[in-house]
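Asks: Questions regarding the structure given below will be posed in turn.
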Amino acid sequence: LHTHFQTQCFHTSMYASTWFLTLFATGLSLPAACRVIDLFLIDGLEVVFRVGIAILQQAQEELVDMDMESMLRYFQKTVLSKYESSGNYESLIETAYEVKYSSKKMKKIGRDYLTRKSKETEELIEMRRLRTENRLLRQRIEHLELESASLADTLIQRQVNM
């Protein structure tokens, strides 16, 4: 599924941001979202990751045959209706708790992400600095070209006047 998402340029932020920001309140039916929030209060943030992974696991067979637009529609409409009945969202919760989850691995992934973001930020700052330096150098070149042209005109005028 991850490989399919990559080939479709389908990034996690395109579907999961609202899950994590709203604890699934906008991505699932109200009863299912309430159940997730209850579990969040009991088990903490871990349950949010588990439910997200469970949704992906249960939808994997359908998602691998879709293009990016179809996957967006799926996450916006189908997921909400898929877990409306209590049996369906209870199976989601069961699947969520069957997900193998390692706190150490998640912390490592989090650290790796922060390191990568920090590096990207540093690269962005360096890029801005180089662009500014490039702009200043271009201005200096323009100034020197004007000065050179002026000196050349003055030299030619003196040669003509002699």
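Please note that chains go A, B, ... in the order of the structure tokens, that every chain numbers its residues from 1, and that ligands are numbered from 1 in the order shown.
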Residues near region 2-6 of chain A, anyone? I mean within 10 Å using only C-alpha atoms, not counting same-chain ones fewer than 2 positions away, as a list of chain:residue names.

Replies: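 Near region 2-6 of chain A, the qualifying residues are A:Gln8, A:Cys9, A:Phe10, A:His11, A:Thr12, A:Leu56, A:Gln60, A:Leu63, A:Val64, A:Asp65, A:Met66, A:Asp67, A:Met68, A:Met71.
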
Asks: Any chance you could export the current selection's N, CA and C atoms as an mmCIF file, in the first residue's frame?

Replies:
```
data_model
loop_
_atom_site.group_PDB
_atom_site.id
_atom_site.type_symbol
_atom_site.label_atom_id
_atom_site.label_comp_id
_atom_site.auth_asym_id
_atom_site.auth_seq_id
_atom_site.Cartn_x
_atom_site.Cartn_y
_atom_site.Cartn_z
ATOM 1 N N GLN A 8 1.576 6.918 -6.703
ATOM 2 C CA GLN A 8 0.473 7.830 -7.017
ATOM 3 C C GLN A 8 0.726 9.245 -6.468
ATOM 4 N N CYS A 9 1.877 9.443 -5.820
ATOM 5 C CA CYS A 9 2.198 10.725 -5.159
ATOM 6 C C CYS A 9 1.096 11.096 -4.172
ATOM 7 N N PHE A 10 0.640 10.125 -3.453
ATOM 8 C CA PHE A 10 -0.436 10.289 -2.484
ATOM 9 C C PHE A 10 0.184 10.336 -1.096
ATOM 10 N N HIS A 11 0.306 11.523 -0.553
ATOM 11 C CA HIS A 11 1.000 11.728 0.714
ATOM 12 C C HIS A 11 0.056 11.571 1.900
ATOM 13 N N THR A 12 0.606 11.165 3.008
ATOM 14 C CA THR A 12 -0.165 10.947 4.232
ATOM 15 C C THR A 12 -0.975 12.180 4.607
ATOM 16 N N LEU A 56 -6.398 1.778 7.107
ATOM 17 C CA LEU A 56 -5.601 1.471 5.915
ATOM 18 C C LEU A 56 -5.556 -0.030 5.647
ATOM 19 N N GLN A 60 -7.036 -1.708 2.245
ATOM 20 C CA GLN A 60 -5.891 -1.948 1.374
ATOM 21 C C GLN A 60 -6.266 -2.547 0.021
ATOM 22 N N LEU A 63 -7.868 0.143 -2.108
ATOM 23 C CA LEU A 63 -7.010 1.286 -2.402
ATOM 24 C C LEU A 63 -5.946 0.996 -3.452
ATOM 25 N N VAL A 64 -5.405 -0.218 -3.466
ATOM 26 C CA VAL A 64 -4.317 -0.513 -4.404
ATOM 27 C C VAL A 64 -4.773 -0.482 -5.872
ATOM 28 N N ASP A 65 -6.071 -0.533 -6.102
ATOM 29 C CA ASP A 65 -6.585 -0.473 -7.470
ATOM 30 C C ASP A 65 -7.041 0.932 -7.867
ATOM 31 N N MET A 66 -6.845 1.926 -6.993
ATOM 32 C CA MET A 66 -7.342 3.286 -7.255
ATOM 33 C C MET A 66 -6.220 4.238 -7.635
ATOM 34 N N ASP A 67 -6.604 5.263 -8.404
ATOM 35 C CA ASP A 67 -5.669 6.354 -8.668
ATOM 36 C C ASP A 67 -5.805 7.394 -7.552
ATOM 37 N N MET A 68 -5.012 8.454 -7.623
ATOM 38 C CA MET A 68 -4.986 9.423 -6.536
ATOM 39 C C MET A 68 -6.352 10.064 -6.289
ATOM 40 N N MET A 71 -8.669 7.680 -4.558
ATOM 41 C CA MET A 71 -8.306 7.501 -3.152
ATOM 42 C C MET A 71 -8.756 8.696 -2.319
#
```

Asks: Would you kindly return, as an NGL selection string, each protein, DNA or RNA residue with an atom no farther than 12 Å from any atom of Phe24 (chain A), considering only C-alpha atoms and excluding same-chain residues fewer than 6 positions away?

Replies: :A and (15-18 or 30-40 or 47-52 or 55 or 75-76 or 79-80 or 83 or 89)

Asks: List every residue of region 8-156 of chain A that DSSP, applied to the backbone of this structure, places in helix (DSSP H, G or I), and write the result as number ranges by chain.

Replies: A: 12-14, 17-22, 30-43, 46-63, 68-82, 86-98, 103-156

Asks: What is the CA of Asn88 (chain A) to CA of Glu69 (chain A) distance in Å?

Replies: 24.9 Å

Asks: If you measure from CA of Tyr101 (chain A) to CA of Ala25 (chain A), what distance in Å do you get, rounded to one decimal?

Replies: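 Computing the Euclidean distance for CA of Tyr101 (chain A) and CA of Ala25 (chain A) yields 22.5 Å.
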
Asks: Determine, counting only C-alpha atoms, which protein, DNA and RNA residues have an atom within 9 Å of an atom of Ile53 (chain A); residues of the same chain fewer than 5 positions away are not included. Present the result as number ranges by chain.

Replies: A: 48, 58, 95-96, 99

Asks: State, in Å with one decimal place, the distance from CA of Lys119 (chain A) to CA of Thr132 (chain A).

Replies: 19.9 Å

Asks: Select, from A:Ile109, A:Leu1, A:Leu144, A:Leu21, the residue with the minimum atom-to-atom distance to Leu45 (chain A), counting only C-alpha atoms.

Replies: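 Ranking A:Ile109, A:Leu1, A:Leu144, A:Leu21 by distance to Leu45 (chain A), first place goes to A:Leu21.
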
Asks: Find the residue from A:Leu114, A:Met127, A:Leu28, A:Ala54 that sits nearest to Thr78 (chain A); use only C-alpha atoms when measuring.

Replies: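 Between A:Leu114, A:Met127, A:Leu28, A:Ala54, the residue approaching Thr78 (chain A) most closely is A:Leu28.
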